[in-house]
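Student: my_file12.cif (mmCIF, C-alpha atoms) pasted underneath:
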data_query
#
loop_
_atom_site.label_atom_id
_atom_site.label_comp_id
_atom_site.auth_asym_id
_atom_site.auth_seq_id
_atom_site.Cartn_x
_atom_site.Cartn_y
_atom_site.Cartn_z
CA MET N 240 108.65 130.47 84.90
CA SER N 241 111.68 128.51 86.06
CA ARG N 242 111.67 124.74 85.87
CA THR N 243 113.18 124.78 89.36
CA THR N 244 109.79 125.88 90.71
CA LEU N 245 108.33 122.54 89.60
CA THR N 246 108.85 119.34 91.58
CA PRO N 247 108.08 115.70 90.78
CA VAL N 248 104.74 116.20 92.57
CA SER N 249 104.05 119.19 90.30
CA TYR N 250 104.50 116.95 87.27
CA LEU N 251 102.42 114.20 88.84
CA VAL N 252 99.56 116.71 89.28
CA LEU N 253 100.01 118.05 85.74
CA GLY N 254 100.06 114.51 84.37
CA TRP N 255 96.84 113.46 86.03
CA ILE N 256 95.04 116.69 85.24
CA ALA N 257 96.22 116.46 81.61
CA HIS N 258 94.35 113.15 81.56
CA SER N 259 91.14 114.82 82.78
CA PRO N 260 90.10 117.76 85.02
CA ALA N 261 90.12 116.93 88.72
CA THR N 262 89.66 118.15 92.25
CA PRO N 263 92.44 117.59 94.79
CA TYR N 264 90.37 114.71 96.20
CA ASP N 265 90.13 113.16 92.72
CA LEU N 266 93.91 113.40 92.46
CA LYS N 267 94.37 111.69 95.82
CA ARG N 268 92.12 108.82 94.70
CA ARG N 269 93.84 108.47 91.31
CA VAL N 270 97.28 108.46 92.90
CA ALA N 271 96.27 105.84 95.48
CA GLU N 272 95.06 103.55 92.68
CA SER N 273 98.13 104.00 90.48
CA VAL N 274 101.48 105.71 90.99
CA GLY N 275 101.03 105.76 94.76
CA HIS N 276 102.15 102.13 94.71
CA PHE N 277 105.68 103.17 93.77
CA TRP N 278 105.95 106.93 94.33
CA GLU N 279 105.34 107.92 97.95
CA PHE N 280 104.94 111.48 99.18
CA PRO N 281 102.70 113.32 101.65
CA HIS N 282 99.22 113.38 100.10
CA SER N 283 98.65 116.79 101.64
CA GLN N 284 100.73 118.07 98.70
CA LEU N 285 97.88 117.05 96.40
CA TYR N 286 95.69 119.63 98.10
CA ALA N 287 98.21 122.50 97.95
CA GLU N 288 99.96 121.86 94.63
CA PRO N 289 97.03 122.42 92.21
CA ALA N 290 96.42 125.92 93.61
CA ARG N 291 100.14 126.71 93.34
CA LEU N 292 100.22 125.47 89.73
CA ALA N 293 97.12 127.54 88.95
CA GLY N 294 98.96 130.57 90.33
CA LEU N 295 101.81 129.82 87.91
CA GLY N 296 99.36 129.65 85.00
CA LEU N 297 99.84 125.92 84.45
CA LEU N 298 96.34 124.95 85.57
CA GLY N 299 92.97 126.60 85.21
CA GLU N 300 90.63 126.60 88.19
CA GLU N 301 86.84 126.65 88.42
CA GLN N 302 84.79 126.48 91.57
CA GLU N 303 81.59 124.45 91.53
CA GLN N 304 78.55 126.70 91.91
CA GLN N 305 76.55 124.23 94.01
CA GLY N 306 77.12 121.46 96.50
CA ARG N 307 80.48 121.46 98.23
CA ARG N 308 81.82 124.15 95.87
CA ARG N 309 84.93 122.14 95.18
CA ARG N 310 87.68 123.54 93.00
CA VAL N 311 88.10 121.67 89.72
CA TYR N 312 91.43 122.08 87.95
CA SER N 313 92.19 121.66 84.25
CA ILE N 314 95.49 121.91 82.43
CA THR N 315 96.36 125.04 80.44
CA GLN N 316 98.42 125.09 77.27
CA ALA N 317 101.40 126.31 79.31
CA GLY N 318 100.88 123.40 81.73
CA ARG N 319 100.71 120.90 78.88
CA GLU N 320 103.91 122.34 77.39
CA ALA N 321 105.71 122.16 80.75
CA LEU N 322 104.59 118.55 81.25
CA GLU N 323 105.61 117.50 77.74
CA ALA N 324 109.02 119.20 78.08
CA TRP N 325 109.60 117.35 81.36
CA LEU N 326 108.51 114.03 79.83
CA ARG N 327 110.98 114.49 76.96
CA GLU N 328 113.84 115.34 79.32
CA PRO N 329 116.15 112.33 79.91
CA THR N 330 116.24 111.21 83.53
CA SER N 331 119.64 110.55 85.01
CA GLU N 332 118.62 110.62 88.65
CA GLU N 333 119.56 107.39 90.38
CA PRO N 334 116.63 105.30 91.61
CA GLN N 335 116.11 105.12 95.36
CA ILE N 336 115.19 102.09 97.38
CA ARG N 337 114.06 103.02 100.87
CA ASP N 338 113.40 99.63 102.40
CA ILE N 339 113.37 99.26 106.18
CA GLY N 340 113.88 95.50 105.79
CA LEU N 341 117.15 96.05 103.90
CA LEU N 342 118.26 98.54 106.53
CA LYS N 343 117.58 95.99 109.29
CA LEU N 344 119.38 93.28 107.31
CA PHE N 345 122.39 95.56 106.90
CA PHE N 346 122.71 95.92 110.69
CA SER N 347 121.67 92.37 111.62
CA SER N 348 125.12 90.86 112.13
CA SER N 349 124.63 90.75 115.91
CA LEU N 350 121.34 88.82 115.63
CA ASP N 351 120.91 85.07 115.78
CA SER N 352 119.96 83.20 112.59
CA GLU N 353 116.35 82.68 113.69
CA SER N 354 115.81 86.45 114.00
CA VAL N 355 117.26 87.09 110.54
CA ILE N 356 115.15 84.27 109.08
CA ALA N 357 112.04 85.76 110.72
CA LEU N 358 112.86 89.15 109.19
CA ALA N 359 113.41 87.55 105.79
CA ARG N 360 110.14 85.59 105.91
CA ALA N 361 108.19 88.70 106.95
CA GLN N 362 109.75 90.70 104.12
CA GLU N 363 109.13 87.89 101.64
CA GLN N 364 105.44 87.84 102.63
CA SER N 365 105.20 91.61 102.38
CA HIS N 366 106.54 91.47 98.81
CA ARG N 367 104.17 88.59 97.98
CA ASP N 368 101.27 90.76 99.16
CA LYS N 369 102.44 93.67 97.01
CA LEU N 370 102.93 91.32 94.05
CA SER N 371 99.34 90.17 94.47
CA THR N 372 98.18 93.80 94.44
CA TYR N 373 100.14 94.47 91.25
CA GLU N 374 98.80 91.32 89.59
CA GLU N 375 95.25 92.46 90.38
CA LEU N 376 95.99 95.91 88.96
CA ASP N 377 97.44 94.27 85.85
CA ARG N 378 94.13 92.44 85.33
CA ARG N 379 92.04 95.60 85.83
CA VAL N 380 94.00 98.20 83.86
CA PRO N 381 92.68 98.43 80.29
CA LYS N 382 95.07 96.89 77.77
CA GLU N 383 95.02 100.17 75.80
CA ALA N 384 96.84 101.82 78.73
CA VAL N 385 100.22 100.76 77.35
CA SER N 386 102.31 103.06 79.57
CA ALA N 387 100.48 101.95 82.71
CA HIS N 388 101.10 98.31 81.80
CA ALA N 389 104.80 99.00 81.17
CA THR N 390 105.05 100.60 84.61
CA LEU N 391 103.23 97.67 86.17
CA GLN N 392 105.70 95.27 84.55
CA ALA N 393 108.50 97.07 86.39
CA GLY N 394 106.59 96.72 89.67
CA LEU N 395 105.92 93.03 89.05
CA ALA N 396 109.60 92.37 88.24
CA PHE N 397 110.70 94.31 91.33
CA GLU N 398 108.42 92.37 93.67
CA ARG N 399 109.41 89.00 92.15
CA ALA N 400 113.09 89.87 92.53
CA PHE N 401 112.63 90.81 96.19
CA ILE N 402 110.61 87.66 96.87
CA ASP N 403 113.52 85.63 95.48
CA PHE N 404 116.05 87.73 97.40
CA TRP N 405 114.31 87.38 100.78
CA GLY N 406 113.60 83.70 100.14
CA GLU N 407 117.32 83.18 99.61
CA ILE N 408 118.15 85.09 102.81
CA ALA N 409 115.65 82.95 104.74
CA SER N 410 117.11 79.72 103.41
CA ARG N 411 120.74 80.72 103.78
CA ARG N 412 121.61 83.56 106.13
CA PRO N 413 124.53 85.57 104.68
CA SER N 414 127.74 84.75 106.49
CA ALA N 415 130.12 87.37 107.80
#
Output the structure of this file as structure tokens.
Tutor:
Amino acid sequence: MSRTTLTPVSYLVLGWIAHSPATPYDLKRRVAESVGHFWEFPHSQLYAEPARLAGLGLLGEEQEQQGRRRRVYSITQAGREALEAWLREPTSEEPQIRDIGLLKLFFSSSLDSESVIALARAQEQSHRDKLSTYEELDRRVPKEAVSAHATLQAGLAFERAFIDFWGEIASRRPSA
């Protein structure tokens, strides 16, 4: 199997299922409560990807015998090895920030100061709301989940930095 057949979503699925067996719906819920805060993708992939990974031999699949007859996926040894190899691989891909507010700020030179300040205040509030969400997650995540807390620290620092950034823009519009 070629590593090129696996995508970041493939590894996300492998990672969660390595934690415990899951249905696609379970994956969607887990993602929404965790990595979905910083890694966005179409959630429909969470319904297709487990079956694809099972076809590659990276996941096992069992169908419930009663009820809704959902498919429950578990990781195979090959899946665990693929996940661990990916985790060990250094990442050199540049981070991406896709922020509509920054895009609007970039093109805002024709706007009056009040419009730019309104944009900045709205963005500042949006980042305060996200910071509040991260702070709540930080209180709820068990302290033993060291990697989850490390990831949350990055999210907290990011939101605080953007709150400061937009606050500065609101108080002093950048001059041309």
Student: Could you build a table of the residues in range 309-367 of chain N lying no more than 10 Å from range 391-399 of chain N, giving for each the nearest pair of atoms and their separation in Å rounded to one decimal place, using all atoms listed in the file, ordered by chain and ascending residue number, as JSON lines?
Tutor:
{"residue": "N:Glu363", "atom": "CA", "partner": "N:Glu398", "partner_atom": "CA", "distance": 9.2}
{"residue": "N:Ser365", "atom": "CA", "partner": "N:Glu398", "partner_atom": "CA", "distance": 9.3}
{"residue": "N:His366", "atom": "CA", "partner": "N:Glu398", "partner_atom": "CA", "distance": 5.5}
{"residue": "N:Arg367", "atom": "CA", "partner": "N:Glu398", "partner_atom": "CA", "distance": 7.1}
Student: Given the file shown, enumerate the residues that the PyMOL selection byres ((chain N and resi 258-270) around 8) captures and present them as a list in words.
Tutor: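 For this structure, the PyMOL selection byres ((chain N and resi 258-270) around 8) resolves to Val252, Gly254, Trp255, Ile256, Ala257, Ala271, Glu272, Ser273, Val274, Gly275, His282, Leu285, Tyr286, Pro289, Arg309, Arg310, Val311, Tyr312, Ser313 and Ile314 of chain N.
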Student: Of the residues N:Thr315, N:Ser386, N:Gln362, N:Thr330, which is the one nearest to Phe401 in chain N, using all atoms listed in the file?
Tutor: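 So, comparing all the options, the nearest one is N:Gln362.
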Student: What does the distance between CA of Gln335 in chain N and CA of Ser347 in chain N come to in Å, to one decimal place?
Tutor: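 Those two atoms sit 21.4 Å apart.
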Student: From the options N:Thr246, N:Thr372, N:Gln364, N:Gln302, which residue's atoms come nearest to Ala321 in chain N, counting all atoms listed in the file?
Tutor: N:Thr246
Student: What would the list of residues within 7 Å of (114.3, 92.0, 104.1) (file frame) look like as a list of chain:residue names, if all atoms listed in the file are what count?
Tutor: N:Gly340, N:Leu341, N:Leu344, N:Leu358, N:Ala359, N:Gln362, N:Trp405
Student: Once you have the residues from the selection above, write them out as a PDB file, keeping the file's coordinate frame, restricted to C-alpha atoms.
Tutor:
ATOM      1  CA  GLY N 340     113.880  95.500 105.790  1.00  0.00           C
ATOM      2  CA  LEU N 341     117.150  96.050 103.900  1.00  0.00           C
ATOM      3  CA  LEU N 344     119.380  93.280 107.310  1.00  0.00           C
ATOM      4  CA  LEU N 358     112.860  89.150 109.190  1.00  0.00           C
ATOM      5  CA  ALA N 359     113.410  87.550 105.790  1.00  0.00           C
ATOM      6  CA  GLN N 362     109.750  90.700 104.120  1.00  0.00           C
ATOM      7  CA  TRP N 405     114.310  87.380 100.780  1.00  0.00           C
TER       8      TRP N 405
END
Student: Could you jot down the CA of Gly296 in chain N to CA of Leu322 in chain N separation for me, Å, one decimal place?
Tutor: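 Separation of CA of Gly296 in chain N and CA of Leu322 in chain N: 12.8 Å.
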Student: Glu288 in chain N: which residues within 10 Å, counting all atoms listed in the file, same-chain residues fewer than 2 positions away excluded, as a VMD selection string?
Tutor: chain N and resid 245 to 246 248 to 253 263 283 to 286 290 to 294
